[in-house]
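Written below as structure tokens is the structure these notes are about.
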Amino acid sequence: MSKNIQEERWRWIKPIIEKEKKIVEVAQLCPYSLRSLKRWKKAYEEHGMEGLIPKSTRPKTSPKETPIQIKEEVITLRKETKLCALKLHWRLEKKGIFVPVSTISKIIKQEGLTKTYRKRRIKYSYVLAERKPGELIEIDVKHVPRAIQGKKYKQYTAIDTASRWRYLKIYEEESTHHAIHFLKEVIEQFPYKIEAIKTDNHSTFTNYYLGSMKRSDMAIKTIHGLDRFCAQNN
């Protein structure tokens, strides 16, 4: 394995230099291009192993670089006046020095002369909606994790969102009949009047017809059993 780029380049052009392989044959196996192989071969023939050392592609001179005198003038004006890049551009233009606004901004940024603004933190105050006991009761059904004597059971849970009062009961199956029976017990046990009930979209609580209860004519809707019971008790 090559330890550096110089050894990696030598590894690929060595068979070509020693005339063991043609450059076209090496190019078929080499992950680098044919042009790179030719360039490395030429560099080796002219400078030996030192020619295979990668050279920096950075230009030695920058003809468009801003002169040091103008940079110092921009920095001095910035420190004295604290003006923005546009206003510094106007000031320098009056002196006969033409420097683009973007160049002035770059100089200011490189010298660390930019302004640091304090960010105002906005504190939000969250107001919880005050509910009265019985204003909203949440009812849900969960599977009991483990089977009891080979049978799986369902747990009906009712929670009052205001007082966190809770009532639970276990049933052998999940159905509208058990949902109504459970709600009757919740009404009897809860010490306040229940104004609203919140459930999920399961067919136990809503007018969704699934399985054997699915109807061919879905245009005609009937009131769900739980809705009918709630309407009778209001």
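Ordering of the structure tokens sets the chain letters (A, B, ...), residue numbers begin anew at 1 in every chain, and ligands are numbered from 1 in the order given.
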
Which residues of region 149-203 of chain A come within 10 Å of region 120-132 of chain A, and what is each one's closest atom pair and distance in Å (one decimal), counting only C-alpha atoms, sorted by chain and residue number, as a tab-separated table?
```
residue	atom	partner	partner_atom	distance
A:Asp160	CA	A:Lys132	CA	9.3
A:Thr161	CA	A:Arg131	CA	7.6
A:Ala162	CA	A:Arg131	CA	5.3
A:Ser163	CA	A:Lys132	CA	7.8
A:Tyr192	CA	A:Lys132	CA	9.5
A:Glu195	CA	A:Lys132	CA	9.9
```

Selected residues, N, CA and C atoms, written as a PDB file, in the first residue's frame, please.
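And here is the file that came out, again-v5.pdb:
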```pdb
ATOM      1  N   ASP A 160     -60.844  11.955  33.325  1.00  0.00           N
ATOM      2  CA  ASP A 160     -61.326  13.340  33.298  1.00  0.00           C
ATOM      3  C   ASP A 160     -60.126  14.261  33.091  1.00  0.00           C
ATOM      4  N   THR A 161     -60.146  15.091  32.027  1.00  0.00           N
ATOM      5  CA  THR A 161     -58.998  15.923  31.671  1.00  0.00           C
ATOM      6  C   THR A 161     -58.732  17.036  32.681  1.00  0.00           C
ATOM      7  N   ALA A 162     -59.719  17.387  33.493  1.00  0.00           N
ATOM      8  CA  ALA A 162     -59.535  18.469  34.470  1.00  0.00           C
ATOM      9  C   ALA A 162     -58.993  17.940  35.794  1.00  0.00           C
ATOM     10  N   SER A 163     -59.703  17.009  36.403  1.00  0.00           N
ATOM     11  CA  SER A 163     -59.313  16.501  37.722  1.00  0.00           C
ATOM     12  C   SER A 163     -58.418  15.280  37.654  1.00  0.00           C
ATOM     13  N   TYR A 192     -69.512  14.359  39.048  1.00  0.00           N
ATOM     14  CA  TYR A 192     -69.978  15.561  38.360  1.00  0.00           C
ATOM     15  C   TYR A 192     -70.727  15.171  37.091  1.00  0.00           C
ATOM     16  N   GLU A 195     -70.141  16.553  30.425  1.00  0.00           N
ATOM     17  CA  GLU A 195     -70.618  17.404  29.336  1.00  0.00           C
ATOM     18  C   GLU A 195     -70.164  16.923  27.962  1.00  0.00           C
TER      19      GLU A 195
END
```

**OP:** Would you list the contacts of Gln155 (chain A) as a PyMOL selection string, taking every protein, DNA or RNA residue within 10 Å and counting only C-alpha atoms, but skipping same-chain residues closer than 3 positions in sequence?
**Re:** chain A and resi 140-145+168-174

Only N, CA, C and O atoms, please: the residues just picked out, written as a PDB file, in the first residue's frame.
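Result went into part.pdb, see below:
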```pdb
ATOM      1  N   ASP A 140     -60.790   5.359  26.178  1.00  0.00           N
ATOM      2  CA  ASP A 140     -59.949   4.610  25.248  1.00  0.00           C
ATOM      3  C   ASP A 140     -59.957   3.136  25.638  1.00  0.00           C
ATOM      4  O   ASP A 140     -60.263   2.783  26.781  1.00  0.00           O
ATOM      5  N   VAL A 141     -59.591   2.295  24.670  1.00  0.00           N
ATOM      6  CA  VAL A 141     -59.545   0.852  24.885  1.00  0.00           C
ATOM      7  C   VAL A 141     -58.157   0.352  24.534  1.00  0.00           C
ATOM      8  O   VAL A 141     -57.619   0.683  23.479  1.00  0.00           O
ATOM      9  N   LYS A 142     -57.576  -0.453  25.425  1.00  0.00           N
ATOM     10  CA  LYS A 142     -56.253  -1.028  25.202  1.00  0.00           C
ATOM     11  C   LYS A 142     -56.306  -2.545  25.402  1.00  0.00           C
ATOM     12  O   LYS A 142     -57.135  -3.049  26.144  1.00  0.00           O
ATOM     13  N   HIS A 143     -55.383  -3.234  24.724  1.00  0.00           N
ATOM     14  CA  HIS A 143     -55.255  -4.666  24.915  1.00  0.00           C
ATOM     15  C   HIS A 143     -54.513  -4.927  26.221  1.00  0.00           C
ATOM     16  O   HIS A 143     -53.484  -4.314  26.485  1.00  0.00           O
ATOM     17  N   VAL A 144     -54.997  -5.864  27.012  1.00  0.00           N
ATOM     18  CA  VAL A 144     -54.260  -6.296  28.193  1.00  0.00           C
ATOM     19  C   VAL A 144     -53.021  -7.051  27.699  1.00  0.00           C
ATOM     20  O   VAL A 144     -53.134  -7.966  26.884  1.00  0.00           O
ATOM     21  N   PRO A 145     -51.815  -6.671  28.144  1.00  0.00           N
ATOM     22  CA  PRO A 145     -50.587  -7.224  27.557  1.00  0.00           C
ATOM     23  C   PRO A 145     -50.509  -8.745  27.553  1.00  0.00           C
ATOM     24  O   PRO A 145     -50.143  -9.352  26.557  1.00  0.00           O
ATOM     25  N   LEU A 168     -61.360   2.429  35.436  1.00  0.00           N
ATOM     26  CA  LEU A 168     -60.961   1.352  34.536  1.00  0.00           C
ATOM     27  C   LEU A 168     -61.830   0.124  34.763  1.00  0.00           C
ATOM     28  O   LEU A 168     -62.306  -0.137  35.870  1.00  0.00           O
ATOM     29  N   LYS A 169     -61.973  -0.654  33.674  1.00  0.00           N
ATOM     30  CA  LYS A 169     -62.693  -1.927  33.782  1.00  0.00           C
ATOM     31  C   LYS A 169     -62.229  -2.854  32.659  1.00  0.00           C
ATOM     32  O   LYS A 169     -61.906  -2.418  31.554  1.00  0.00           O
ATOM     33  N   ILE A 170     -62.213  -4.159  32.960  1.00  0.00           N
ATOM     34  CA  ILE A 170     -61.762  -5.177  32.027  1.00  0.00           C
ATOM     35  C   ILE A 170     -62.974  -5.895  31.431  1.00  0.00           C
ATOM     36  O   ILE A 170     -63.905  -6.273  32.150  1.00  0.00           O
ATOM     37  N   TYR A 171     -62.934  -6.075  30.095  1.00  0.00           N
ATOM     38  CA  TYR A 171     -63.977  -6.821  29.383  1.00  0.00           C
ATOM     39  C   TYR A 171     -63.320  -7.898  28.518  1.00  0.00           C
ATOM     40  O   TYR A 171     -62.138  -7.824  28.179  1.00  0.00           O
ATOM     41  N   GLU A 172     -64.127  -8.888  28.157  1.00  0.00           N
ATOM     42  CA  GLU A 172     -63.593  -9.988  27.365  1.00  0.00           C
ATOM     43  C   GLU A 172     -63.411  -9.613  25.899  1.00  0.00           C
ATOM     44  O   GLU A 172     -62.630 -10.234  25.189  1.00  0.00           O
ATOM     45  N   GLU A 173     -64.153  -8.620  25.426  1.00  0.00           N
ATOM     46  CA  GLU A 173     -64.028  -8.215  24.021  1.00  0.00           C
ATOM     47  C   GLU A 173     -64.308  -6.719  23.892  1.00  0.00           C
ATOM     48  O   GLU A 173     -64.806  -6.082  24.820  1.00  0.00           O
ATOM     49  N   GLU A 174     -63.998  -6.204  22.730  1.00  0.00           N
ATOM     50  CA  GLU A 174     -64.207  -4.791  22.442  1.00  0.00           C
ATOM     51  C   GLU A 174     -65.411  -4.644  21.531  1.00  0.00           C
ATOM     52  O   GLU A 174     -65.406  -5.127  20.394  1.00  0.00           O
TER      53      GLU A 174
END
```

Subject >> alpha helix (DSSP H) call set, DSSP backbone run, region 20-172 of chain A, as a ChimeraX atom specification >> reply: /A:23-29,34-47,68-81,85-94,101-110

Original post:
CA of Asn4 (chain A) to CA of His47 (chain A): how many Å, to one decimal?
Top reply: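 We find that CA of Asn4 (chain A) and CA of His47 (chain A) lie 18.1 Å from each other.
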
Please tabulate, as a tab-separated table, the residues of region 20-131 of chain A that come within 12 Å of region 10-16 of chain A, each with its closest pair of atoms and the distance in Å to one decimal, counting only C-alpha atoms and ordering rows by chain, then residue number upward.
```
residue	atom	partner	partner_atom	distance
A:Glu20	CA	A:Pro15	CA	4.9
A:Lys21	CA	A:Ile16	CA	5.3
A:Lys22	CA	A:Ile16	CA	5.8
A:Ile23	CA	A:Ile16	CA	5.9
A:Val24	CA	A:Ile16	CA	9.5
A:Glu25	CA	A:Ile16	CA	9.3
A:Val26	CA	A:Trp12	CA	7.3
A:Ala27	CA	A:Trp12	CA	8.9
A:Gln28	CA	A:Trp12	CA	11.4
A:Leu29	CA	A:Trp12	CA	9.5
A:Cys30	CA	A:Trp12	CA	7.2
A:Pro31	CA	A:Trp12	CA	9.8
A:Tyr32	CA	A:Trp12	CA	9.3
A:Ser33	CA	A:Trp12	CA	11.2
A:Leu34	CA	A:Ile13	CA	10.9
A:Ser36	CA	A:Ile13	CA	10.1
A:Leu37	CA	A:Ile13	CA	6.7
A:Lys38	CA	A:Ile13	CA	8.7
A:Arg39	CA	A:Ile13	CA	10.1
A:Trp40	CA	A:Ile13	CA	7.3
A:Lys41	CA	A:Ile13	CA	6.3
A:Lys42	CA	A:Ile13	CA	10.1
A:Ala43	CA	A:Ile13	CA	10.8
A:Tyr44	CA	A:Trp10	CA	8.7
A:Glu45	CA	A:Ile13	CA	10.9
A:Gly48	CA	A:Trp10	CA	10.2
A:Met49	CA	A:Trp10	CA	7.9
A:Glu50	CA	A:Trp10	CA	10.7
A:Gly51	CA	A:Trp10	CA	10.2
A:Leu52	CA	A:Trp10	CA	7.3
A:Ile53	CA	A:Trp10	CA	10.0
```

Please produce a file of the residues just selected, as a PDB file, in the first residue's frame, where the atoms kept are C-alpha atoms.
```pdb
ATOM      1  CA  GLU A  20       6.774  -3.749 -18.754  1.00  0.00           C
ATOM      2  CA  LYS A  21       3.345  -2.417 -19.739  1.00  0.00           C
ATOM      3  CA  LYS A  22       2.018   0.088 -22.217  1.00  0.00           C
ATOM      4  CA  ILE A  23       0.361   3.224 -20.887  1.00  0.00           C
ATOM      5  CA  VAL A  24      -2.941   2.211 -22.520  1.00  0.00           C
ATOM      6  CA  GLU A  25      -2.916  -1.153 -20.732  1.00  0.00           C
ATOM      7  CA  VAL A  26      -2.237   0.498 -17.358  1.00  0.00           C
ATOM      8  CA  ALA A  27      -5.028   3.029 -17.981  1.00  0.00           C
ATOM      9  CA  GLN A  28      -7.546   0.164 -18.273  1.00  0.00           C
ATOM     10  CA  LEU A  29      -6.830  -0.898 -14.670  1.00  0.00           C
ATOM     11  CA  CYS A  30      -5.867   2.423 -13.138  1.00  0.00           C
ATOM     12  CA  PRO A  31      -8.616   4.392 -11.324  1.00  0.00           C
ATOM     13  CA  TYR A  32      -7.010   7.586 -12.627  1.00  0.00           C
ATOM     14  CA  SER A  33      -7.335   8.973 -16.143  1.00  0.00           C
ATOM     15  CA  LEU A  34      -4.986   8.390 -19.075  1.00  0.00           C
ATOM     16  CA  SER A  36      -3.002  11.884 -15.446  1.00  0.00           C
ATOM     17  CA  LEU A  37      -0.722   8.943 -16.257  1.00  0.00           C
ATOM     18  CA  LYS A  38       0.847  10.858 -19.151  1.00  0.00           C
ATOM     19  CA  ARG A  39       1.350  13.916 -16.931  1.00  0.00           C
ATOM     20  CA  TRP A  40       3.003  11.860 -14.167  1.00  0.00           C
ATOM     21  CA  LYS A  41       5.229  10.078 -16.703  1.00  0.00           C
ATOM     22  CA  LYS A  42       6.393  13.372 -18.165  1.00  0.00           C
ATOM     23  CA  ALA A  43       7.023  14.860 -14.710  1.00  0.00           C
ATOM     24  CA  TYR A  44       9.120  11.812 -13.736  1.00  0.00           C
ATOM     25  CA  GLU A  45      11.179  11.977 -16.918  1.00  0.00           C
ATOM     26  CA  GLY A  48      12.618  12.236 -11.315  1.00  0.00           C
ATOM     27  CA  MET A  49      10.813  11.228  -8.115  1.00  0.00           C
ATOM     28  CA  GLU A  50      10.526  14.860  -7.022  1.00  0.00           C
ATOM     29  CA  GLY A  51       8.322  15.498 -10.054  1.00  0.00           C
ATOM     30  CA  LEU A  52       5.713  13.135  -8.580  1.00  0.00           C
ATOM     31  CA  ILE A  53       5.282  15.245  -5.439  1.00  0.00           C
TER      32      ILE A  53
END
```

Original post:
So which residues of region 17-142 of chain A fall under strand (DSSP E) by DSSP, listed as number ranges by chain?
Top reply: A: 137-142

**OP:** Pick out the closest residue to Glu65 (chain A) from this set: A:Ile107, A:Val186, A:Phe205, A:Gly225. Count only C-alpha atoms.
**Re:**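 Distance minimum relative to Glu65 (chain A) lands on A:Ile107.
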
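Coordinates place CA of Ile75 (chain A) at a distance of 6.9 Å from CA of Ile108 (chain A).
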
Subject >> Pairwise distance for CA of Lys152 (chain A) and CA of Ser175 (chain A), rounded to one decimal in Å >> reply: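 If I compute the distance from CA of Lys152 (chain A) to CA of Ser175 (chain A), I get 14.1 Å.
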